[in-house]
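Peer 1: Input file: run_33.txt. Contents: compact mmCIF, C-alpha atoms.
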# COMPACT_ATOMS: atom_id res chain seq x y z
CA MET A 1 128.36 276.71 113.07
CA SER A 2 127.77 276.61 109.33
CA VAL A 3 125.03 274.53 107.86
CA THR A 4 125.13 272.67 104.60
CA ARG A 5 122.36 273.57 102.23
CA MET A 6 121.14 271.29 99.49
CA GLN A 7 121.71 273.98 96.85
CA GLU A 8 125.40 273.19 97.15
CA ILE A 9 125.04 269.70 95.78
CA GLN A 10 126.72 269.04 92.48
CA ILE A 11 126.15 265.96 90.43
CA CYS A 12 128.07 264.58 87.52
CA PHE A 13 127.66 261.27 85.78
CA GLY A 14 128.91 259.26 82.87
CA LYS A 15 128.14 260.85 79.54
CA GLN A 16 130.03 257.93 78.07
CA LYS A 17 129.24 254.40 79.14
CA GLN A 18 131.49 252.37 81.40
CA ALA A 19 133.56 249.60 79.83
CA ASP A 20 131.76 247.14 82.12
CA ILE A 21 129.73 247.17 85.32
CA ALA A 22 132.79 247.33 87.59
CA ALA A 23 134.92 249.88 85.72
CA PRO A 24 133.97 253.40 86.85
CA ASN A 25 133.80 256.32 84.48
CA THR A 26 136.78 258.65 84.56
CA GLY A 27 136.31 262.39 85.05
CA VAL A 28 136.72 263.18 81.35
CA GLN A 29 133.92 260.75 80.50
CA MET A 30 131.49 262.63 82.73
CA TRP A 31 129.40 265.74 82.52
CA GLN A 32 127.81 267.97 85.11
CA LEU A 33 124.16 268.80 84.70
CA ARG A 34 121.83 270.52 87.12
CA LYS A 35 118.72 268.92 88.57
CA LEU A 36 115.50 269.95 90.27
CA ASN A 37 115.08 267.38 93.03
CA ALA A 38 116.95 267.33 96.33
CA ALA A 39 116.94 263.57 96.81
CA LEU A 40 120.34 261.92 97.16
CA ALA A 41 121.42 258.59 95.73
CA ASN A 42 122.31 257.15 99.10
CA PRO A 43 124.07 253.78 99.14
CA LYS A 44 121.98 251.53 101.35
CA LEU A 45 123.59 248.71 103.29
CA ASN A 46 121.38 245.69 103.91
CA THR A 47 122.23 243.65 106.99
CA GLU A 48 121.15 240.39 108.57
CA ASN A 49 121.77 238.89 111.99
CA ASP A 50 122.02 235.56 113.78
CA ALA A 51 118.76 235.77 115.77
CA GLU A 52 117.33 232.64 114.16
CA GLU A 53 120.42 230.48 114.68
CA PHE A 54 120.21 227.69 117.28
CA GLY A 55 122.88 227.04 119.84
CA LYS A 56 123.00 230.46 121.44
CA GLY A 57 120.53 229.59 124.19
CA HIS A 58 118.22 232.51 123.40
CA GLU A 59 116.36 234.10 120.53
CA PHE A 60 118.23 237.39 120.46
CA PRO A 61 120.82 238.45 117.90
CA THR A 62 124.43 238.47 118.99
CA GLN A 63 126.00 239.37 115.65
CA SER A 64 125.11 241.48 112.63
CA PHE A 65 126.43 240.91 109.11
CA GLN A 66 126.78 243.13 106.08
CA THR A 67 124.76 241.40 103.37
CA SER A 68 124.49 243.57 100.29
CA TRP A 69 124.39 247.09 98.93
CA ASP A 70 121.72 249.00 97.01
CA VAL A 71 121.99 252.29 95.20
CA ASN A 72 119.18 254.09 93.46
CA GLY A 73 118.32 257.65 92.59
CA THR A 74 116.11 259.98 90.62
CA LEU A 75 116.97 262.90 88.39
CA GLU A 76 114.27 265.47 87.80
CA LYS A 77 115.15 268.02 85.16
CA TYR A 78 113.78 270.49 82.73
CA LEU A 79 113.91 268.63 79.44
CA SER A 80 116.89 269.57 77.32
CA ALA A 81 118.42 268.16 74.16
CA GLU A 82 121.37 266.87 76.18
CA ILE A 83 119.51 265.01 78.92
CA GLY A 84 116.99 263.82 76.34
CA ALA A 85 119.74 262.21 74.28
CA TRP A 86 121.36 260.73 77.38
CA ALA A 87 118.10 259.29 78.74
CA MET A 88 117.15 257.74 75.40
CA ALA A 89 120.59 256.23 74.83
CA PHE A 90 121.08 254.80 78.31
CA GLY A 91 117.40 254.07 78.91
CA LEU A 92 116.66 252.23 75.67
CA GLY A 93 120.15 250.78 75.42
CA LYS A 94 121.04 250.62 71.72
CA VAL A 95 122.53 253.63 69.96
CA VAL A 96 123.72 254.59 66.51
CA LYS A 97 125.63 257.86 66.42
CA SER A 98 125.95 259.97 63.33
CA GLY A 99 126.77 263.59 62.52
CA THR A 100 129.56 265.92 63.51
CA THR A 101 129.92 269.02 65.67
CA PRO A 102 127.59 270.76 66.36
CA ASN A 103 124.98 268.32 65.17
CA PHE A 104 125.34 264.84 66.59
CA THR A 105 122.39 262.54 66.06
CA TYR A 106 121.72 259.59 68.35
CA THR A 107 119.24 257.07 67.01
CA CYS A 108 118.14 254.88 69.90
CA THR A 109 116.09 251.71 70.17
CA PRO A 110 115.55 249.15 72.92
CA LEU A 111 117.80 246.10 73.02
CA PHE A 112 116.30 242.85 71.75
CA PRO A 113 117.93 239.68 73.01
CA ALA A 114 115.96 237.66 70.43
CA SER A 115 118.02 239.48 67.79
CA GLY A 116 121.28 238.81 69.57
CA ASP A 117 121.43 241.99 71.66
CA ALA A 118 122.62 241.98 75.25
CA ALA A 119 120.15 242.00 78.14
CA GLU A 120 122.47 244.24 80.14
CA LEU A 121 121.92 247.97 79.79
CA PRO A 122 124.82 250.40 79.34
CA TYR A 123 126.43 251.32 82.65
CA PHE A 124 127.41 254.73 83.99
CA SER A 125 128.86 256.15 87.20
CA PHE A 126 127.01 258.76 89.25
CA VAL A 127 128.85 261.26 91.47
CA GLU A 128 127.39 263.46 94.21
CA GLN A 129 129.54 266.10 95.86
CA ILE A 130 129.04 268.74 98.52
CA ARG A 131 132.23 270.66 99.31
CA PRO A 132 134.63 267.98 98.09
CA GLY A 133 138.15 268.26 99.46
CA ALA A 134 139.31 269.21 102.97
CA GLY A 135 135.87 270.33 104.19
CA VAL A 136 133.99 267.53 102.49
CA VAL A 137 130.36 266.91 103.37
CA VAL A 138 129.48 264.42 100.63
CA ASP A 139 131.78 263.03 97.94
CA ARG A 140 130.93 259.62 96.55
CA MET A 141 130.51 257.80 93.28
CA ALA A 142 128.04 255.03 92.58
CA VAL A 143 129.57 252.67 90.02
CA GLY A 144 127.69 250.48 87.59
CA CYS A 145 124.37 252.31 87.37
CA VAL A 146 121.71 251.80 84.71
CA VAL A 147 118.59 253.74 83.78
CA GLU A 148 115.53 252.07 85.28
CA GLY A 149 113.17 254.34 83.38
CA TRP A 150 112.35 257.80 82.14
CA THR A 151 109.21 259.88 82.01
CA ILE A 152 108.69 262.96 79.87
CA SER A 153 105.86 265.29 80.84
CA ILE A 154 104.61 268.09 78.63
CA GLY A 155 102.07 270.58 79.91
CA SER A 156 100.33 273.75 78.79
CA GLY A 157 101.99 277.00 79.78
CA PRO A 158 105.03 279.11 79.02
CA GLY A 159 107.34 278.11 81.88
CA ARG A 160 110.17 275.60 81.77
CA ALA A 161 108.23 273.39 84.17
CA ASN A 162 105.88 272.49 81.32
CA SER A 163 108.57 270.32 79.74
CA LYS A 164 110.27 268.00 82.20
CA ILE A 165 112.00 264.67 82.32
CA THR A 166 112.40 262.34 85.27
CA VAL A 167 115.05 259.62 85.08
CA GLU A 168 115.21 256.82 87.64
CA PHE A 169 118.38 254.81 87.95
CA VAL A 170 119.61 251.86 89.96
CA GLY A 171 123.15 250.80 90.72
CA SER A 172 125.21 247.69 91.26
CA GLY A 173 125.74 248.72 94.89
CA LYS A 174 129.40 249.48 94.33
CA TYR A 175 130.43 252.94 95.47
CA VAL A 176 133.69 254.83 95.83
CA GLU A 177 134.21 257.34 98.62
CA PRO A 178 135.78 259.82 98.13
CA SER A 179 134.94 259.73 94.49
CA GLY A 180 138.31 260.96 93.25
CA ILE A 181 136.44 262.84 90.52
CA THR A 182 136.96 266.51 89.75
CA THR A 183 133.54 267.65 88.64
CA PRO A 184 133.68 269.08 85.11
CA ALA A 185 132.23 272.52 84.36
CA ALA A 186 128.46 272.52 84.11
CA THR A 187 127.11 271.73 80.67
CA VAL A 188 125.03 274.50 79.13
CA GLU A 189 121.84 272.78 78.10
CA LYS A 190 119.50 273.57 75.21
CA LEU A 191 116.00 273.42 76.61
CA LEU A 192 113.23 271.77 74.66
CA PRO A 193 110.18 273.83 75.58
CA SER A 194 106.57 272.76 75.52
CA ALA A 195 105.81 275.44 72.92
CA SER A 196 108.01 273.63 70.40
CA LEU A 197 105.97 270.43 70.48
CA ALA A 198 104.95 268.65 67.29
CA LEU A 199 102.56 265.79 67.94
CA SER A 200 100.80 263.32 65.72
CA ILE A 201 98.99 260.32 67.18
CA ASN A 202 97.03 257.73 65.26
CA GLY A 203 96.53 260.01 62.28
CA VAL A 204 95.65 263.21 64.15
CA ASN A 205 97.92 266.23 64.37
CA TYR A 206 97.08 267.47 67.85
CA VAL A 207 99.19 270.64 67.53
CA SER A 208 97.79 271.90 64.23
CA ASN A 209 94.25 271.36 65.49
CA LYS A 210 95.27 273.17 68.71
CA ASN A 211 93.66 270.50 70.89
CA ILE A 212 96.55 269.07 72.90
CA VAL A 213 96.46 269.98 76.60
CA SER A 214 99.14 267.73 78.10
CA LEU A 215 100.94 264.48 77.50
CA GLU A 216 103.17 262.04 79.27
CA THR A 217 105.29 259.29 77.82
CA SER A 218 107.54 256.89 79.64
CA TRP A 219 109.76 253.85 79.42
CA LYS A 220 110.49 251.42 82.23
CA ASN A 221 113.13 248.70 82.14
CA ASN A 222 111.98 246.84 85.28
CA VAL A 223 115.60 245.94 85.98
CA ARG A 224 116.07 242.49 87.55
CA LEU A 225 117.74 243.65 90.75
CA ASP A 226 117.75 240.29 92.48
CA GLY A 227 119.28 238.70 89.40
CA GLY A 228 122.31 240.93 89.85
CA PHE A 229 123.48 238.79 92.75
CA PHE A 230 124.88 235.51 91.50
CA PRO A 231 127.59 233.24 92.82
CA GLY A 232 130.74 235.26 92.27
CA SER A 233 129.04 238.63 91.72
CA GLY A 234 131.57 240.28 94.04
CA PHE A 235 131.87 242.37 97.17
CA GLN A 236 131.96 246.03 98.07
CA THR A 237 135.63 245.60 98.96
CA PRO A 238 137.14 243.07 96.56
CA GLY A 239 138.43 240.06 98.46
CA ASP A 240 136.59 241.00 101.67
CA GLY A 241 133.66 238.62 102.04
CA ALA A 242 132.34 240.57 105.03
CA SER A 243 131.96 243.85 103.14
CA GLY A 244 128.60 243.04 101.57
CA ALA A 245 127.75 241.65 98.14
CA ILE A 246 127.30 243.84 95.09
CA ARG A 247 125.62 243.07 91.80
CA GLY A 248 127.64 241.73 88.92
CA ARG A 249 125.04 242.45 86.24
CA LEU A 250 121.93 244.56 85.75
CA GLU A 251 119.56 243.16 83.14
CA PHE A 252 116.24 244.58 82.07
CA GLY A 253 113.08 242.65 82.88
CA ASN A 254 109.72 242.93 81.13
CA ARG A 255 109.85 246.43 79.72
CA GLN A 256 106.91 248.78 79.45
CA GLY A 257 106.22 251.87 77.41
CA THR A 258 103.40 254.30 78.04
CA LEU A 259 101.85 257.22 76.24
CA ARG A 260 98.90 259.14 77.56
CA PHE A 261 97.54 262.52 76.62
CA VAL A 262 94.73 264.95 77.29
CA ALA A 263 93.19 266.80 74.36
CA ARG A 264 90.22 269.05 73.87
CA PHE A 265 87.18 267.08 72.80
CA GLU A 266 84.87 268.61 70.25
CA ASN A 267 82.53 267.81 67.41
CA GLY A 268 84.42 265.49 65.08
CA SER A 269 86.96 264.32 67.62
CA THR A 270 87.84 260.73 66.79
CA GLU A 271 89.26 259.34 70.04
CA LEU A 272 86.15 257.43 71.11
CA THR A 273 85.62 256.04 67.61
CA LYS A 274 89.23 254.90 67.44
CA LEU A 275 88.89 253.29 70.82
CA ARG A 276 85.84 251.33 69.70
CA GLN A 277 87.44 250.35 66.39
CA GLN A 278 90.83 249.67 67.97
CA SER A 279 92.48 251.58 65.13
CA THR A 280 96.25 251.53 65.14
CA GLY A 281 98.78 254.06 63.93
CA THR A 282 102.05 255.71 64.86
CA ALA A 283 102.56 258.29 67.58
CA VAL A 284 105.32 260.81 66.96
CA LEU A 285 106.23 263.56 69.36
CA ALA A 286 109.02 266.01 68.71
CA LEU A 287 110.47 268.88 70.73
CA THR A 288 112.93 271.29 69.21
CA TYR A 289 115.38 273.95 70.37
CA ASP A 290 116.92 274.51 66.92
CA THR A 291 117.95 272.40 63.94
CA ASN A 292 120.87 270.94 65.89
CA ASN A 293 119.08 270.25 69.16
CA SER A 294 115.87 268.25 69.28
CA LEU A 295 114.22 265.06 70.46
CA GLU A 296 111.80 262.95 68.45
CA ILE A 297 110.19 259.87 69.94
CA THR A 298 108.20 257.49 67.76
CA TRP A 299 105.91 254.79 69.10
CA HIS A 300 105.60 252.74 65.97
CA LYS A 301 102.19 251.24 66.57
CA VAL A 302 99.65 252.39 69.12
CA SER A 303 95.99 251.83 69.74
CA PHE A 304 93.83 253.53 72.34
CA ALA A 305 93.43 251.44 75.49
CA SER A 306 91.03 253.91 77.10
CA ALA A 307 89.49 257.26 76.28
CA GLU A 308 87.50 259.13 78.88
CA VAL A 309 85.71 262.41 78.38
CA GLY A 310 86.11 264.89 81.22
CA GLU A 311 87.09 268.50 81.66
CA THR A 312 90.16 270.64 82.06
CA ASP A 313 89.68 274.18 83.39
CA GLY A 314 86.04 274.11 82.31
CA ILE A 315 86.76 272.87 78.77
CA VAL A 316 85.56 269.43 77.65
CA THR A 317 88.60 267.20 77.15
CA VAL A 318 89.35 263.56 76.49
CA SER A 319 92.00 261.67 78.42
CA VAL A 320 93.53 258.89 76.34
CA ASP A 321 95.79 256.03 77.37
CA CYS A 322 97.60 254.55 74.40
CA LEU A 323 98.78 250.99 74.14
CA PRO A 324 102.22 250.86 72.50
CA MET A 325 102.49 247.67 70.48
CA TRP A 326 105.19 245.83 68.56
CA ASP A 327 105.53 246.77 64.92
CA GLU A 328 107.06 244.04 62.75
CA THR A 329 109.31 246.48 60.88
CA ASN A 330 110.29 249.08 63.43
CA GLY A 331 109.81 247.47 66.82
CA ILE A 332 108.12 249.30 69.65
CA VAL A 333 109.81 252.67 70.04
CA SER A 334 112.70 254.65 68.65
CA ALA A 335 114.15 258.02 69.48
CA VAL A 336 116.19 260.43 67.41
CA ALA A 337 118.03 262.82 69.68
CA LYS A 338 120.11 265.67 68.30
CA CYS A 339 122.52 267.73 70.34
CA GLY A 340 125.96 269.26 70.21
CA MET A 341 127.56 266.82 72.65
CA ASP A 342 129.74 264.08 71.27
CA GLY A 343 130.21 260.65 72.78
CA ILE A 344 126.91 260.08 74.57
CA CYS A 345 126.72 256.39 75.53
CA GLN A 346 129.74 255.63 73.30
CA MET B 1 123.46 264.80 51.54
CA THR B 2 122.44 262.02 53.90
CA GLU B 3 125.19 260.74 56.13
CA ILE B 4 126.30 257.14 56.00
CA VAL B 5 126.98 254.89 59.00
CA LEU B 6 128.56 251.46 59.04
CA MET B 7 126.36 248.70 60.44
CA ARG B 8 127.21 245.07 61.12
CA SER B 9 124.63 242.29 61.03
CA PRO B 10 124.49 239.53 63.67
CA GLU B 11 126.11 237.30 61.02
CA GLY B 12 129.02 239.70 60.59
CA GLU B 13 128.07 241.36 57.31
CA VAL B 14 129.07 245.04 57.22
CA GLN B 15 127.00 247.50 55.20
CA GLU B 16 126.97 251.23 54.62
CA VAL B 17 123.54 252.51 55.62
CA GLU B 18 121.92 255.91 55.29
CA ALA B 19 121.68 257.49 58.74
CA THR B 20 117.92 257.95 58.65
CA LEU B 21 115.30 256.62 61.02
CA ALA B 22 113.60 254.65 58.25
CA LYS B 23 116.83 252.89 57.25
CA ILE B 24 118.53 252.38 60.61
CA VAL B 25 115.75 251.35 62.98
CA PRO B 26 114.60 248.21 61.11
CA LEU B 27 118.20 247.01 61.15
CA MET B 28 118.76 247.91 64.81
CA ILE B 29 115.82 245.85 65.98
CA ARG B 30 117.13 242.89 63.97
CA GLY B 31 120.39 242.88 65.84
CA TRP B 32 122.53 245.05 63.60
CA ARG B 33 124.89 247.35 65.48
CA GLN B 34 127.02 250.29 64.51
CA VAL B 35 130.68 249.70 63.86
CA MET B 36 133.36 252.32 63.72
CA GLU B 37 135.71 252.37 60.73
CA GLU B 38 138.66 251.22 62.80
CA GLU B 39 136.75 248.03 63.68
CA VAL B 40 136.30 247.04 60.05
CA THR B 41 138.90 244.71 58.56
CA PRO B 42 139.63 245.76 54.96
CA ASP B 43 138.33 243.37 52.36
CA VAL B 44 141.46 241.89 50.80
CA ARG B 45 139.73 241.71 47.43
CA HIS B 46 139.83 245.50 47.24
CA ALA B 47 142.86 247.00 45.53
CA ASP B 48 143.49 249.46 48.36
CA ALA B 49 143.08 246.96 51.19
CA GLY B 50 146.31 247.36 53.09
CA ASN B 51 149.81 246.49 51.94
CA PRO B 52 149.67 244.27 48.80
CA ASP B 53 153.13 242.88 49.57
CA LEU B 54 151.69 241.15 52.61
CA LEU B 55 149.14 239.40 50.45
CA ARG B 56 151.68 237.67 48.20
Turn the structure described in the file into structure tokens.
Peer 2:
Amino acid sequence: MSVTRMQEIQICFGKQKQADIAAPNTGVQMWQLRKLNAALANPKLNTENDAEEFGKGHEFPTQSFQTSWDVNGTLEKYLSAEIGAWAMAFGLGKVVKSGTTPNFTYTCTPLFPASGDAAELPYFSFVEQIRPGAGVVVDRMAVGCVVEGWTISIGSGPGRANSKITVEFVGSGKYVEPSGITTPAATVEKLLPSASLALSINGVNYVSNKNIVSLETSWKNNVRLDGGFFPGSGFQTPGDGASGAIRGRLEFGNRQGTLRFVARFENGSTELTKLRQQSTGTAVLALTYDTNNSLEITWHKVSFASAEVGETDGIVTVSVDCLPMWDETNGIVSAVAKCGMDGICQ
Amino acid sequence: MTEIVLMRSPEGEVQEVEATLAKIVPLMIRGWRQVMEEEVTPDVRHADAGNPDLLR
């Protein structure tokens, strides 16, 4: 008897955004990218029963009901220009596209309802397939997913693992099985290696002074999952009230950005002074494959929330947690992602 | 040469804006969004704004 190995799994998901939460991406709007983690985005059915109802004569359940559906998943990947652009566009939510083949530029910022922006993030569909067709093992599509958050980790070393991105996503609960999607050919990605890093934080160029050891930056939308269920939000099977409720909207909650780094600490290092003085400045990190493929993230105003001297491999280092703050002109964060793929989040 | 994108303000004003971080981001956080050319209604005061016969 043959076994099914996880290496067979193929994923594809919306490169373009869905028209709305309920309208799945079509195959031509999707792209296939590889990933590093084995975890599946399993639809989870929540149930309830009638144990607490009076009139049965006992305390035991006699019936079970389908209540609602959850979908969530994680993508772990080596950081590339393509996934970087996708994560910034879908994760922050607001995109301006410029450029032409082979140099598309996506300028991304968070959405701000106070300025009239929507509170709903752009939606995409996520497909997982193992041997789709007659011998299918897994073939399903989660519809109406949004990016819950992303984390970019840069380390010291030559391998691809020193530049990674993790993207968490959550879904409306709606899924289609079989997906009906023919997975497109895998996209050839342009990796953004650790060795290409340019980094300036609060007035210090940590690459030119050769002091940066590692850094991590992240964005979290804290999506209001419970708020997705409202009177009329819909069911897994439209018109079937027993099929379990699905979400009709996915709005971000109180969002959080983080930036932390470890750098060598030496005579003249300013991290502790800047912590004491609560100096503020920009933090700009950029990773580049070539002139057409890169990712630049700018935290427009940061101060140091903590700075702790320690050691890394026997070298004295300082571990700094930055506090991203609101800048009156430029907001909190922006990303400029360049790649050769058209239509991301369009 | 810097590329130009069309941006629309929350009040509906459409402007051509240089596609640079410094120009775009301050508008984006104030509610401006990108518009594609096909979304922009020609200004009838321009000589080349559509069929002049329809304006008579």
Peer 1: Using only C-alpha atoms, which residues sit within 9 Å of Phe252 in chain A once same-chain residues fewer than 2 positions away are excluded, as a PyMOL selection string?
Peer 2: chain A and resi 119-121+148+220-225+250+254-255
Peer 1: Output as a list in words the set of chain A residues within 6 Å of chain B, with distances taken over all atoms listed in the file.
Peer 2: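 Result, ordered by chain then number: Val96, Ser115, Gly116, Asp117, Thr329 and Asn330 of chain A.
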Peer 1: Would you pick out the contacts of range 173-186 of chain A at 7 Å or less, using only C-alpha atoms, so that residues sharing its chain but fewer than 6 positions from it are not included, and give the list as a list in words?
Peer 2: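 Skipping anything fewer than 6 positions along the chain leaves Cys12, Gly27, Trp31, Gln32, Leu33, Pro43, Trp69, Asp70, Val71, Val127, Asp139, Arg140, Met141, Ala142, Val143, Gln236, Ile246 and Arg247 of chain A.
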Peer 1: Identify, on the basis of only C-alpha atoms, every residue whose closest approach to range 193-207 of chain A does not exceed 6 Å; exclude the query and any residue fewer than 3 positions from it along the same chain; express the result as a PyMOL selection string.
Peer 2: chain A and resi 154+162-163+210-212+281-288
Peer 1: Rank nothing, just name the residue among A:Ala39, A:Ile9, A:Ile332, A:Val167 nearest to Lys77 in chain A, using all atoms listed in the file.
Peer 2: A:Val167
Peer 1: Write out as a list in words each polymer residue whose atoms come within 7 Å of Thr105 in chain A, counting only C-alpha atoms; drop sequence neighbours fewer than 5 positions from it.
Peer 2: Lys97, Ser98, Gly99, Val336, Ala337, Lys338 and Cys339 of chain A
Peer 1: Using Å and a single decimal, report how far CA of Phe90 in chain A sits from CA of Val146 in chain A.
Peer 2: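 Distance reported for this atom pair: 7.1 Å.
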Peer 1: Please, what distance in Å, to one decimal, runs between CA of Gln66 in chain A and CA of Ala38 in chain A?
Peer 2: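 We find that CA of Gln66 in chain A and CA of Ala38 in chain A lie 27.9 Å from each other.
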Peer 1: Range 312-326 of chain A: which residues within 10 Å, counting only C-alpha atoms, same-chain residues fewer than 2 positions away excluded, as an MDAnalysis selection string?
Peer 2: chainID A and resid 201:202 211:217 256:266 269 271:272 275 280:283 299:310 328:333
Peer 1: CA of Gln129 in chain A and CA of Asn42 in chain A, how far apart in Å?
Peer 2: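 Here the two named atoms are 12.0 Å from each other.
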